[in-house]
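K.L.:
You'll find structure16.txt just under this line, and it carries compact mmCIF, C-alpha atoms.
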```
# COMPACT_ATOMS: atom_id res chain seq x y z
CA MET A 278 0.00 0.00 0.00
CA ILE A 279 1.41 3.38 -1.04
CA THR A 280 1.66 5.65 1.95
CA THR A 281 4.53 8.09 1.39
CA SER A 282 6.02 10.21 -1.40
CA LEU A 283 8.98 7.87 -1.44
CA ASP A 284 6.65 4.93 -2.02
CA ILE A 285 5.03 6.79 -4.92
CA LEU A 286 8.41 7.51 -6.48
CA ASN A 287 9.59 3.93 -5.97
CA THR A 288 6.39 2.55 -7.46
CA TYR A 289 6.77 4.85 -10.45
CA ALA A 290 10.37 3.67 -10.87
CA ILE A 291 9.33 0.01 -10.76
CA ASN A 292 6.50 0.55 -13.22
CA THR A 293 8.72 2.50 -15.55
CA ALA A 294 11.36 -0.22 -15.46
CA GLN A 295 8.79 -2.88 -16.17
CA ASN A 296 7.31 -0.90 -19.01
CA LYS A 297 10.68 0.01 -20.50
CA LYS A 298 10.44 -0.57 -24.18
CA LYS A 299 13.35 -2.60 -25.43
CA LEU A 300 14.61 -1.12 -28.69
CA VAL A 301 15.42 -3.44 -31.57
CA SER A 302 18.91 -1.94 -31.50
CA GLU A 303 19.31 -3.12 -27.89
CA THR A 304 18.60 -6.76 -28.65
CA PRO A 305 21.62 -9.05 -28.63
CA MET A 306 23.62 -9.20 -31.85
CA LEU A 307 22.57 -12.05 -34.07
CA ASN A 308 25.13 -14.52 -35.40
CA PHE A 309 24.04 -13.65 -38.92
CA ASP A 310 22.64 -10.21 -39.58
CA LEU A 311 21.85 -8.52 -42.83
CA THR A 312 20.17 -5.58 -44.44
CA ALA A 313 20.04 -3.84 -47.81
CA VAL A 314 20.65 -0.65 -49.66
CA CYS A 315 18.45 -0.64 -52.71
CA TRP A 316 16.35 1.33 -55.13
CA HIS A 317 12.91 1.51 -53.60
CA GLU A 318 11.10 -0.03 -56.58
CA VAL A 319 12.77 -3.42 -56.19
CA TYR A 320 12.63 -3.70 -52.42
CA SER A 321 9.43 -5.71 -52.41
CA LYS A 322 11.33 -8.64 -53.93
CA MET A 323 13.86 -8.76 -51.13
CA GLN A 324 13.39 -11.47 -48.51
CA LEU A 325 15.78 -10.18 -45.86
CA LEU A 326 13.95 -11.45 -42.80
CA GLN A 327 13.39 -14.84 -44.35
CA ILE A 328 17.10 -15.25 -45.11
CA ARG A 329 18.12 -13.92 -41.72
CA ASN A 330 15.79 -16.22 -39.80
CA LEU A 331 16.84 -19.27 -41.80
CA LEU A 332 20.52 -18.66 -41.09
CA ASN A 333 20.09 -17.94 -37.39
CA HIS A 334 17.81 -20.91 -36.79
CA ASN A 335 20.11 -23.40 -38.47
CA LEU A 336 23.70 -22.23 -38.15
CA LYS A 337 25.99 -21.05 -35.38
CA ILE A 338 28.90 -18.76 -36.03
CA SER A 339 30.85 -20.38 -33.19
CA ASN A 340 31.20 -23.43 -35.45
CA TYR A 341 33.39 -21.35 -37.78
CA SER A 342 35.28 -19.08 -35.43
CA LYS A 343 35.77 -18.32 -31.74
CA GLU A 344 36.81 -14.76 -32.53
CA VAL A 345 33.74 -13.63 -34.45
CA GLN A 346 30.31 -12.94 -32.95
CA THR A 347 28.44 -11.63 -35.98
CA TYR A 348 28.63 -11.80 -39.75
CA PHE A 349 26.87 -8.72 -41.11
CA PHE A 350 26.01 -8.74 -44.80
CA LEU A 351 24.67 -5.91 -46.93
CA PHE A 352 22.88 -6.50 -50.22
CA ILE A 353 23.33 -3.53 -52.56
CA ILE A 354 20.95 -3.14 -55.48
CA GLU A 355 21.12 0.34 -56.89
CA LEU A 356 20.47 2.03 -60.19
CA PRO A 357 23.52 1.23 -62.30
CA ASN A 358 24.17 4.70 -63.66
CA ASN A 359 24.73 6.39 -60.35
CA LYS A 360 26.46 4.10 -57.89
CA PRO A 361 28.07 5.56 -54.83
CA PRO A 362 31.81 4.97 -54.76
CA GLU A 363 32.63 1.41 -53.64
CA LYS A 364 35.06 2.60 -51.03
CA ILE A 365 32.33 3.83 -48.73
CA TRP A 366 30.84 0.36 -48.40
CA LYS A 367 33.00 -0.80 -45.55
CA LYS A 368 34.20 -4.39 -45.52
CA GLY A 369 36.36 -6.13 -43.02
CA PHE A 370 36.71 -7.51 -39.54
CA TYR A 371 36.05 -5.13 -36.66
CA LYS A 372 37.93 -6.62 -33.74
CA LYS A 373 36.33 -4.50 -31.01
CA ASP A 374 32.81 -5.62 -31.89
CA GLU A 375 33.93 -9.02 -33.23
CA VAL A 376 31.93 -8.38 -36.37
CA ILE A 377 32.72 -9.21 -39.98
CA GLU A 378 31.07 -6.72 -42.33
CA ASN A 379 30.69 -7.62 -45.97
CA ASN A 380 28.58 -6.54 -48.93
CA LEU A 381 27.89 -7.35 -52.54
CA HIS A 382 26.33 -5.50 -55.44
CA LEU A 383 23.62 -7.34 -57.32
CA ASP A 384 22.86 -6.50 -60.91
CA TYR A 385 19.97 -4.06 -60.89
CA HIS A 386 18.45 -4.92 -64.28
CA GLN A 387 18.56 -8.67 -63.63
CA PHE A 388 16.97 -8.23 -60.22
CA GLU A 389 14.30 -5.94 -61.59
CA LYS A 390 13.28 -8.48 -64.23
CA ALA A 391 13.36 -11.44 -61.84
CA ASN A 392 10.21 -12.84 -60.28
CA GLU A 393 10.10 -13.47 -56.51
CA SER A 394 11.61 -16.91 -56.67
CA GLU A 395 14.40 -15.85 -59.03
CA ALA A 396 15.10 -12.82 -56.85
CA LEU A 397 15.46 -15.07 -53.81
CA THR A 398 17.89 -17.26 -55.74
CA MET A 399 19.92 -14.20 -56.68
CA GLN A 400 20.08 -13.15 -53.05
CA ALA A 401 21.12 -16.63 -51.91
CA GLU A 402 23.83 -16.81 -54.57
CA ALA A 403 25.07 -13.36 -53.65
CA TYR A 404 25.24 -14.39 -50.01
CA LEU A 405 27.29 -17.46 -50.94
CA ALA A 406 29.58 -15.38 -53.15
CA GLY A 407 30.11 -13.03 -50.23
CA ILE A 408 31.21 -15.92 -48.02
CA LEU A 409 33.99 -16.73 -50.49
CA GLN A 410 35.32 -13.20 -50.05
CA ILE A 411 35.64 -13.47 -46.28
CA PRO A 412 39.29 -14.64 -46.15
CA THR A 413 40.34 -11.67 -48.28
CA LEU A 414 38.61 -9.00 -46.21
CA ARG A 415 40.61 -6.46 -44.27
CA GLY A 416 41.63 -7.79 -40.87
CA MET A 417 40.83 -11.41 -41.65
CA LYS A 418 44.42 -12.60 -42.14
CA LYS A 419 44.92 -12.97 -38.41
CA VAL A 420 41.47 -14.37 -37.70
CA ALA A 421 40.77 -18.09 -37.74
CA PHE A 422 37.51 -18.43 -39.65
CA ASP A 423 36.42 -21.59 -41.46
CA SER A 424 34.82 -19.91 -44.43
CA GLN A 425 34.91 -23.15 -46.45
CA GLN A 426 32.70 -24.94 -43.93
CA PHE A 427 30.46 -21.89 -43.63
CA TYR A 428 30.06 -21.86 -47.40
CA GLN A 429 29.21 -25.57 -47.52
CA ASP A 430 26.73 -25.34 -44.68
CA CYS A 431 25.01 -22.31 -46.23
CA LYS A 432 24.90 -23.92 -49.63
CA THR A 433 23.35 -27.07 -48.21
CA LEU A 434 20.83 -25.01 -46.28
CA PHE A 435 19.80 -22.98 -49.34
CA GLU A 436 19.56 -26.15 -51.43
CA ASN A 437 17.38 -27.85 -48.85
CA VAL A 438 14.87 -25.01 -48.87
CA GLY A 439 14.93 -24.86 -52.66
CA TRP A 440 16.44 -21.41 -53.03
CA ILE A 441 19.28 -22.71 -55.20
CA GLY A 442 19.53 -25.78 -57.38
CA LYS A 443 21.43 -28.87 -56.21
CA MET B 237 105.38 22.44 -4.53
CA TYR B 238 101.94 22.86 -5.36
CA GLU B 239 100.18 19.98 -6.79
CA ILE B 240 98.44 21.12 -9.89
CA ALA B 241 94.97 19.83 -9.71
CA SER B 242 94.17 18.04 -12.83
CA LEU B 243 91.39 19.46 -14.81
CA PRO B 244 88.32 17.43 -14.51
CA LYS B 245 88.01 15.21 -17.51
CA PRO B 246 85.16 16.22 -19.81
CA LYS B 247 82.36 13.88 -19.13
CA ASN B 248 81.19 11.58 -21.84
CA SER B 249 78.16 13.22 -23.44
CA LYS B 250 76.14 10.09 -22.79
CA GLN B 251 77.16 10.06 -19.19
CA HIS B 252 76.35 13.80 -18.91
CA ASN B 253 72.91 13.35 -20.45
CA PRO B 254 71.27 10.20 -19.22
CA ASN B 255 68.25 10.59 -21.56
CA PRO B 256 69.49 11.34 -25.10
CA LYS B 257 66.35 9.89 -26.66
CA LYS B 258 64.09 12.26 -24.75
CA GLU B 259 66.14 15.21 -25.91
CA THR B 260 65.91 14.13 -29.56
CA THR B 261 62.17 13.63 -29.27
CA PHE B 262 61.77 17.07 -27.74
CA VAL B 263 63.79 18.66 -30.57
CA TRP B 264 61.60 17.00 -33.19
CA PHE B 265 58.50 18.14 -31.31
CA LEU B 266 59.77 21.72 -31.43
CA VAL B 267 60.49 21.41 -35.14
CA ALA B 268 56.95 20.10 -35.73
CA CYS B 269 55.46 22.99 -33.75
CA VAL B 270 57.42 25.49 -35.79
CA CYS B 271 56.25 23.87 -39.04
CA VAL B 272 52.62 23.99 -37.90
CA LEU B 273 52.95 27.64 -36.93
CA VAL B 274 54.57 28.50 -40.25
CA TYR B 275 51.85 26.63 -42.19
CA ALA B 276 49.10 28.21 -40.13
CA GLY B 277 50.60 31.56 -40.85
CA VAL B 278 50.24 30.98 -44.60
CA SER B 279 47.05 32.55 -45.84
CA GLU B 280 44.41 30.58 -47.67
CA PHE B 281 45.06 32.70 -50.73
CA GLU B 282 48.63 31.47 -50.75
CA LYS B 283 47.53 27.87 -50.19
CA PHE B 284 45.00 27.87 -53.01
CA THR B 285 46.82 29.84 -55.72
CA LYS B 286 50.05 29.85 -57.66
CA ILE B 287 51.77 32.09 -60.21
CA ASP B 288 51.95 30.57 -63.67
CA GLU B 289 54.71 31.03 -66.27
CA ASN B 290 53.01 34.18 -67.56
CA GLY B 291 53.01 35.72 -64.13
CA LYS B 292 49.26 35.34 -63.73
CA VAL B 293 47.58 34.09 -60.59
CA GLN B 294 45.94 30.68 -61.04
CA LEU B 295 44.29 28.12 -58.81
CA THR B 296 46.46 25.17 -57.77
CA GLU B 297 45.75 21.75 -59.33
CA LYS B 298 44.68 20.46 -55.95
CA ARG B 299 42.15 23.23 -55.56
CA LEU B 300 40.76 22.70 -59.06
CA GLU B 301 40.41 18.99 -58.37
CA LYS B 302 38.47 19.74 -55.19
CA LEU B 303 36.15 22.05 -57.11
CA HIS B 304 35.46 19.32 -59.64
CA LYS B 305 34.80 16.69 -56.97
CA ASP B 306 32.58 18.96 -54.89
CA THR B 307 30.54 19.95 -57.95
CA LEU B 308 30.02 16.31 -58.89
CA LYS B 309 28.95 15.46 -55.34
CA LEU B 310 26.36 18.21 -55.28
CA GLN B 311 24.95 16.96 -58.59
CA ASN B 312 24.84 13.35 -57.37
CA ALA B 313 22.67 13.49 -54.31
CA GLU B 314 20.04 11.01 -53.26
CA GLN B 315 16.98 11.16 -51.09
CA TYR B 316 16.52 8.02 -49.01
CA VAL B 317 14.19 6.53 -46.47
CA LEU B 318 15.15 4.25 -43.58
CA ILE B 319 12.41 1.72 -42.89
CA ALA B 320 11.99 -0.94 -40.23
CA LEU B 321 13.44 -4.31 -41.21
CA GLU B 322 11.31 -6.01 -38.59
CA SER B 323 8.53 -5.01 -36.23
CA GLY B 324 9.69 -3.66 -32.92
CA TYR B 325 10.45 -0.60 -30.85
CA TYR B 326 12.57 2.05 -32.51
CA PRO B 327 13.92 5.30 -31.07
CA CYS B 328 11.45 8.14 -31.46
CA PHE B 329 12.51 11.78 -31.42
CA THR B 330 9.11 13.16 -32.37
CA CYS B 331 6.92 11.26 -29.93
CA LYS B 332 5.14 13.33 -27.34
CA ASP B 333 5.52 11.36 -24.11
CA THR B 334 7.91 8.59 -25.00
CA THR B 335 11.30 7.97 -26.58
CA ALA B 336 10.38 4.79 -28.41
CA ILE B 337 7.72 3.92 -30.93
CA TRP B 338 6.44 0.60 -32.21
CA LEU B 339 7.01 0.29 -35.94
CA TYR B 340 5.71 -2.56 -38.03
CA GLN B 341 7.96 -4.04 -40.69
CA ASN B 342 8.55 -1.61 -43.58
CA GLU B 343 7.21 1.45 -41.77
CA VAL B 344 9.13 4.70 -42.10
CA TRP B 345 11.69 5.67 -39.48
CA ARG B 346 13.48 8.53 -41.18
CA TYR B 347 13.80 10.47 -44.45
CA GLY B 348 17.11 11.96 -45.40
CA VAL B 349 19.35 13.31 -48.14
CA THR B 350 22.92 12.33 -48.77
CA ILE B 351 25.65 13.23 -51.20
CA ASN B 352 27.30 10.17 -52.68
CA GLY B 353 25.96 7.85 -50.01
CA LYS B 354 27.73 9.68 -47.21
CA GLU B 355 25.23 8.34 -44.72
CA MET B 356 26.60 4.86 -45.23
CA ARG B 357 29.84 5.93 -43.59
CA TYR B 358 28.02 5.67 -40.30
CA PRO B 359 28.69 2.54 -38.30
CA LYS B 360 26.58 -0.44 -39.28
CA SER B 361 25.03 -0.45 -35.83
CA THR B 362 23.19 2.69 -36.95
CA PHE B 363 21.43 0.58 -39.54
CA LYS B 364 20.72 -2.40 -37.33
CA ASN B 365 17.23 -3.50 -38.22
CA LEU B 366 16.82 -0.71 -40.76
CA VAL B 367 16.75 -0.89 -44.55
CA TYR B 368 18.08 1.97 -46.65
CA LEU B 369 15.90 2.64 -49.68
CA VAL B 370 16.86 5.18 -52.29
CA GLU B 371 13.73 7.00 -53.41
CA PHE B 372 15.06 9.81 -55.56
CA LYS B 373 18.30 10.74 -57.29
CA GLY B 374 19.19 14.17 -58.58
CA ASN B 375 21.06 17.29 -57.63
CA LEU B 376 21.14 18.41 -54.03
CA GLN B 377 18.34 20.97 -54.36
CA GLN B 378 15.96 18.50 -55.97
CA CYS B 379 16.65 15.95 -53.26
CA LEU B 380 16.11 18.46 -50.47
CA VAL B 381 12.73 19.36 -51.99
CA GLU B 382 11.75 15.67 -52.07
CA GLU B 383 12.85 15.15 -48.51
CA ARG B 384 10.91 18.18 -47.32
CA LYS B 385 7.76 17.06 -49.09
CA LYS B 386 7.91 13.62 -47.54
CA ILE B 387 8.56 14.83 -44.02
CA VAL B 388 5.70 17.32 -44.24
CA ILE B 389 3.26 14.82 -45.77
CA TYR B 390 4.13 12.08 -43.26
CA PRO B 391 1.17 12.79 -40.93
CA LEU B 392 -1.18 11.73 -43.70
CA LEU B 393 0.46 8.37 -44.38
CA PRO B 394 -1.84 5.40 -43.69
CA GLU B 395 0.71 3.90 -41.30
CA ASN B 396 0.46 7.03 -39.15
CA LEU B 397 -3.30 7.48 -39.42
CA LYS B 398 -3.97 3.93 -38.28
CA ARG B 399 -2.29 4.69 -34.91
CA SER B 400 -4.45 5.79 -32.02
CA ALA B 401 -4.95 9.54 -31.90
CA GLU B 402 -2.46 10.19 -29.10
CA LYS B 403 0.27 8.18 -30.88
CA ARG B 404 0.03 9.85 -34.28
CA LEU B 405 3.14 11.78 -35.20
CA GLY B 406 3.59 15.13 -36.91
CA ARG B 407 6.87 13.97 -38.48
CA PRO B 408 8.62 10.62 -38.93
CA PRO B 409 10.07 9.19 -35.68
CA ALA B 410 13.65 10.22 -36.50
CA ASN B 411 12.99 13.54 -38.24
CA PRO B 412 12.59 16.06 -35.43
CA TYR B 413 12.77 18.95 -37.92
CA ASP B 414 11.45 19.66 -41.39
CA HIS B 415 14.97 19.49 -42.82
```
I'd like the structure from this file rewritten - as structure tokens, please.

P.N.:
Amino acid sequence: MITTSLDILNTYAINTAQNKKKLVSETPMLNFDLTAVCWHEVYSKMQLLQIRNLLNHNLKISNYSKEVQTYFFLFIIELPNNKPPEKIWKKGFYKKDEVIENNLHLDYHQFEKANESEALTMQAEAYLAGILQIPTLRGMKKVAFDSQQFYQDCKTLFENVGWIGK
Amino acid sequence: MYEIASLPKPKNSKQHNPNPKKETTFVWFLVACVCVLVYAGVSEFEKFTKIDENGKVQLTEKRLEKLHKDTLKLQNAEQYVLIALESGYYPCFTCKDTTAIWLYQNEVWRYGVTINGKEMRYPKSTFKNLVYLVEFKGNLQQCLVEERKKIVIYPLLPENLKRSAEKRLGRPPANPYDH
């Protein structure tokens, strides 16, 4: 029973803490995270959440490295005649956050013409192609990361769900 | 007979100065300070111009290159929107009584304008759970007009109107101003 001002303040503090809205940015880092930079007209064909959920439900990054917590991938699908300079799309291993950041450009015209299923295949293939780049990324020379196994596991996963052909 | 006191032997310079490295470092530091002062004393006019073989004042090659690059950048701007990758709470800078707002997947978080994708130089954590969609490309003025229109029209978007009256926003969650 609230009887004093201090009780009121304490109750308010408890209620506020309980009602604190957890931001999506405050949730723990996923093993496999991704997003996109793309021309707005083709965004509806992207299946980012579907890909992200599939990877995180089936794979663990600790199977490929003890030094990496997250592999962050960026799909880039922009109008071909006005690309931003490649150098601003950062790639590499960020030791402090234990994150590998990588990205790949997909061909805009091909993606635009593709139906939903073909677009998903293009995204899966781009993701696999990105994995092959991992050993060459900045900062990766001194990091033990089994990109070969990661590639095989991803490929098998995508084949099993029918996103790429066997 | 007087004993002539022998002159003290000159001490070895290393013995006399136990920290030769510190002295060298200090000297270089002084030299660097002098260089900075000299450079700072040079006017911008002198930095940006040169005298050509005809004795005329011209812009330096470096300055001309910067002009070219800056002009290109201003002509290659883009207006973008950041939308929610997944449903959840996102920071809100335009909410009345709260600092977070629930956004459903693909709802607008922020409109912006960038020159040559400058926004993407921000750390990836800025874009955690956000998707960057390019909506318009043109010169800087055109993009600023587009951005302004979208921020101002935001209150009328279906995603905002479907919220309860007290939760409707006057601007997107991360656009506290019209620009």

K.L.:
Let me make sure I understand: among A:Leu300, A:Leu356, A:Met306, A:Ala401, which one has the smallest atom-to-atom distance to Leu325 of chain A if we use only C-alpha atoms?

P.N.:
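Checking each candidate against Leu325 of chain A, we get A:Ala401 as the closest.
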
K.L.:
Given only C-alpha atoms, how would the per-residue table for chain A near chain B read, listing every residue at most 6 Å away with its closest atom pair and distance in Å to one decimal, sorted by chain and number, as JSON lines?

P.N.:
```
{"residue": "A:Leu300", "atom": "CA", "partner": "B:Tyr325", "partner_atom": "CA", "distance": 4.7}
{"residue": "A:Val301", "atom": "CA", "partner": "B:Tyr325", "partner_atom": "CA", "distance": 5.8}
{"residue": "A:Thr312", "atom": "CA", "partner": "B:Val367", "partner_atom": "CA", "distance": 5.8}
{"residue": "A:Ala313", "atom": "CA", "partner": "B:Val367", "partner_atom": "CA", "distance": 5.5}
{"residue": "A:Val314", "atom": "CA", "partner": "B:Tyr368", "partner_atom": "CA", "distance": 4.7}
{"residue": "A:Cys315", "atom": "CA", "partner": "B:Leu369", "partner_atom": "CA", "distance": 5.1}
{"residue": "A:Trp316", "atom": "CA", "partner": "B:Val370", "partner_atom": "CA", "distance": 4.8}
{"residue": "A:His317", "atom": "CA", "partner": "B:Leu369", "partner_atom": "CA", "distance": 5.1}
{"residue": "A:Pro361", "atom": "CA", "partner": "B:Asn352", "partner_atom": "CA", "distance": 5.1}
```

K.L.:
Taking 3 positions as the minimum chain separation for residues in the same chain, which residues sit within 10 Å of segment 387-390 of chain A when counting only C-alpha atoms? Answer as a list in words.

P.N.:
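That gives Trp316, Glu318, Val319, Tyr320, Lys322, Met323, Ile354, Leu383, Asp384, Glu393, Glu395, Ala396, Leu397, Met399 and Gln400 of chain A.
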
K.L.:
In Å to one decimal, how far is atom CA of Leu308 of chain B from atom CA of Ile287 of chain B?

P.N.:
26.9 Å

K.L.:
Find the distance between atom CA of Gln426 of chain A and atom CA of Tyr341 of chain A and write it in Å to one decimal.

P.N.:
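Between atom CA of Gln426 of chain A and atom CA of Tyr341 of chain A the gap works out to 7.2 Å.
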
K.L.:
Can you pull out every residue within 12 Å of Gly416 of chain A, counting all atoms listed in the file, but drop anything in the same chain fewer than 6 positions away, and send it as a list in words?

P.N.:
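With the cut-off at 12 Å, the set is Glu344, Val345, Lys368, Gly369, Phe370, Tyr371, Lys372, Lys373, Glu375, Val376, Ile377, Glu378 and Phe422 of chain A.
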
K.L.:
What gap, in Å, lies between atom CA of Ala406 of chain A and atom CA of Cys431 of chain A?

P.N.:
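Interatomic distance here is 10.8 Å.
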
K.L.:
For each of A:Ile338, A:Leu311, A:Val420, A:Ile408, take the minimum atom-to-atom distance to Ile353 of chain A, counting all atoms listed in the file, then give the residue where this is smallest.

P.N.:
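Ranked by minimum distance to Ile353 of chain A, first place goes to A:Leu311.
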